[in-house]
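K.L.:
Pasting in a structure now, in structure tokens, and then I'll have a few things to ask.
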Amino acid sequence: MDFTNKNLWVLFEWNGEPIYVTQTLLSTWVVMGVLIVLAVVVRLRISSFKGVPKGFQNVIETLVELTSNLARDNMGAELDGLGGYFFSIFGFILLSNYSGLFGLRSPTADLATTAALALMTFFMIHAVGLYKRRGKYFKDFLEPIPVLLPINLIGELSKPISLAFRLFGNMLCGVIIMGLIYGMLPIALRILLPDVLHVYFDILVGALQAYIFTVLSMTFVAQKAGTR
Amino acid sequence: MDPKAFILGCSALAAGICTLSGLGSGLGQGIAAGKAAEAVGRQPEARGAVMSTMLIGAAVAETCSIYGLIIALILLMANPLIALL
């Protein structure tokens, strides 16, 4: 069986090499489209929001409040302005993980997507750390004794790698196990039985991994910035 | 014997052995969940904080078994040893 990312059609040619639209790219576009439409709908309805929330406004306010509370709890009041960034990261990962339920291949089951997300966290950790701590940022690498500098550097580099591999491994594991089970069952039995496993591998693990990625990123940023 | 078949067979065995790395992280996660249950039993009002701390700890403990999974996948899907023949 083949669980790798398949090429769908040629997008354009670059120096004679074809650049393909892959399954990951297609489902990333779908997820991005859904998120953009959602954002535009919220923006259009924001002028009709009232002091006392009702219905649609209630849902949006709950979501924003939850994320900003999470940011304040994990990063302290100084950095809770970053909550919006982590809200969008959380929404993207959650919708990506759930796109497996609609027959798409999850974008997070591809190392390229998760490595990109982890690199964004990596640059954010060091940019915020440098901005908040100034000169002390470099001194932190020599703690507790200067001999440990290489170990500290390796520790910093291993953060994005473990973030990327954790998300990728969990989601790809779900894709492979579901693929094996669909391949094993006869067609008549494929309707109801795998749903139980979809609840675990897509809904539960998807939400948990999105939460863990967001909270771990917040913890790393706060650790380096020294606000927590 | 065909050397390629020998390498592929050994790689399949090695991929199976790699899944044993789940042993350690499963044990660790079980201990973490047990301690979290103890903590909630002793202090039920701190349930939210205990839960989120436990989830993060369990996720970090899971990393090593994920590395095992990645090695197993590399051995099965993009075997680097075949190129050495």
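The chains in the structure tokens are called A, B, ... from first to last as shown; in each chain the residues are counted from 1, and the ligands are counted from 1 in the order shown.
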Would you give me, as a PDB file with C-alpha atoms, in the first residue's frame, the residues of chain B that come within 9 Å of chain A, using only C-alpha atoms?
P.N.:
ATOM      1  CA  LEU B  55      -1.322  16.703  28.626  1.00  0.00           C
ATOM      2  CA  ILE B  56       1.862  18.666  27.872  1.00  0.00           C
ATOM      3  CA  ALA B  59       2.996  14.909  24.673  1.00  0.00           C
ATOM      4  CA  VAL B  60       6.671  15.424  25.459  1.00  0.00           C
ATOM      5  CA  GLU B  62       5.403  10.695  23.397  1.00  0.00           C
ATOM      6  CA  THR B  63       8.165  12.261  21.304  1.00  0.00           C
ATOM      7  CA  ILE B  66       7.252   9.153  17.513  1.00  0.00           C
ATOM      8  CA  TYR B  67      10.962   9.070  16.639  1.00  0.00           C
ATOM      9  CA  LEU B  69       7.725   5.511  14.256  1.00  0.00           C
ATOM     10  CA  ILE B  70       9.616   7.882  11.931  1.00  0.00           C
ATOM     11  CA  MET B  77       9.114   3.660   2.524  1.00  0.00           C
TER      12      MET B  77
END
K.L.:
Would you pick out the contacts of Ile46 of chain A at 12 Å or less, using only C-alpha atoms, so that residues sharing its chain but fewer than 3 positions from it are not included, and give the list as a PyMOL selection string?
P.N.:
chain A and resi 39-43+49-51+53+56-58+60-61
K.L.:
Could you save those same residues with C-alpha atoms as a PDB file, in the first residue's frame?
P.N.:
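Dumped everything to result_16.pdb:
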ATOM      1  CA  ALA A  39     -12.751  35.498   8.669  1.00  0.00           C
ATOM      2  CA  VAL A  40     -14.583  37.588   6.034  1.00  0.00           C
ATOM      3  CA  VAL A  41     -17.989  36.552   7.426  1.00  0.00           C
ATOM      4  CA  VAL A  42     -16.925  37.545  10.952  1.00  0.00           C
ATOM      5  CA  ARG A  43     -15.535  40.864   9.661  1.00  0.00           C
ATOM      6  CA  PHE A  49     -22.341  43.183  17.175  1.00  0.00           C
ATOM      7  CA  LYS A  50     -24.035  44.544  20.285  1.00  0.00           C
ATOM      8  CA  GLY A  51     -23.033  44.997  23.923  1.00  0.00           C
ATOM      9  CA  PRO A  53     -23.812  38.980  22.874  1.00  0.00           C
ATOM     10  CA  PHE A  56     -23.270  33.994  16.386  1.00  0.00           C
ATOM     11  CA  GLN A  57     -21.561  36.779  18.335  1.00  0.00           C
ATOM     12  CA  ASN A  58     -21.526  34.549  21.429  1.00  0.00           C
ATOM     13  CA  ILE A  60     -16.992  34.185  18.236  1.00  0.00           C
ATOM     14  CA  GLU A  61     -16.514  35.973  21.557  1.00  0.00           C
TER      15      GLU A  61
END
K.L.:
Output as an NGL selection string all residues of chain A that backbone DSSP marks as helix (DSSP H, G or I).
P.N.:
:A and (23-48 or 56-75 or 77-102 or 107-109 or 111-133 or 136-142 or 146-184 or 187-189 or 193-225)
K.L.:
Could you tell me how far atom CA of Ile125 of chain A lies from atom CA of Val221 of chain A, in Å and to one decimal?
P.N.:
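If I compute the distance from atom CA of Ile125 of chain A to atom CA of Val221 of chain A, I get 4.6 Å.
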K.L.:
When you look at segment 9-22 of chain B with a cut-off of 6 Å (counting only C-alpha atoms), what residues show up, excluding the ones that are within fewer than 2 positions of it in the same chain? I need them as a count of residues only.
P.N.:
9
K.L.:
Between A:Asn7, A:Thr62, A:Gln23, A:Thr227, which has the minimum distance to Ser106 of chain A (counting only C-alpha atoms)?
P.N.:
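Using only C-alpha atoms, Ser106 of chain A sits closest to A:Gln23.
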K.L.:
So what do you get for atom CA of Tyr85 of chain A versus atom CA of Thr28 of chain A, distance-wise?
P.N.:
18.1 Å
K.L.:
Using Å and a single decimal, report how far atom CA of Met218 of chain A sits from atom CA of Asn74 of chain A.
P.N.:
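Computed distance, atom CA of Asn74 of chain A to atom CA of Met218 of chain A, equals 6.3 Å.
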K.L.:
Using only C-alpha atoms, can you tell me which of B:Ile74, B:Ala33, B:Met1, B:Leu81 comes closest to Met54 of chain B?
P.N.:
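The answer is B:Ala33, which sits nearest to Met54 of chain B.
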K.L.:
Which residues, written as a list in words, have at least one atom at most 9 Å from Ser27 of chain A, with only C-alpha atoms counted and residues fewer than 5 positions away on the same chain left out?
P.N.:
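My list of contacting residues is Thr22, Met32, Ser96, Ser99, Leu104, Arg105, Ser106 and Pro107 of chain A.
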K.L.:
Go ahead and write the selection's residues with C-alpha atoms as a PDB file, in the first residue's frame.
P.N.:
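Now in again-v6.pdb:
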ATOM      1  CA  THR A  22       0.066  17.451  -4.578  1.00  0.00           C
ATOM      2  CA  MET A  32      -7.141  28.192   3.736  1.00  0.00           C
ATOM      3  CA  SER A  96      -6.125  20.571   8.737  1.00  0.00           C
ATOM      4  CA  SER A  99      -9.946  17.690   6.771  1.00  0.00           C
ATOM      5  CA  LEU A 104      -8.914  14.964   1.897  1.00  0.00           C
ATOM      6  CA  ARG A 105      -5.393  14.044   2.956  1.00  0.00           C
ATOM      7  CA  SER A 106      -4.538  16.046   6.096  1.00  0.00           C
ATOM      8  CA  PRO A 107      -1.917  18.697   5.280  1.00  0.00           C
TER       9      PRO A 107
END
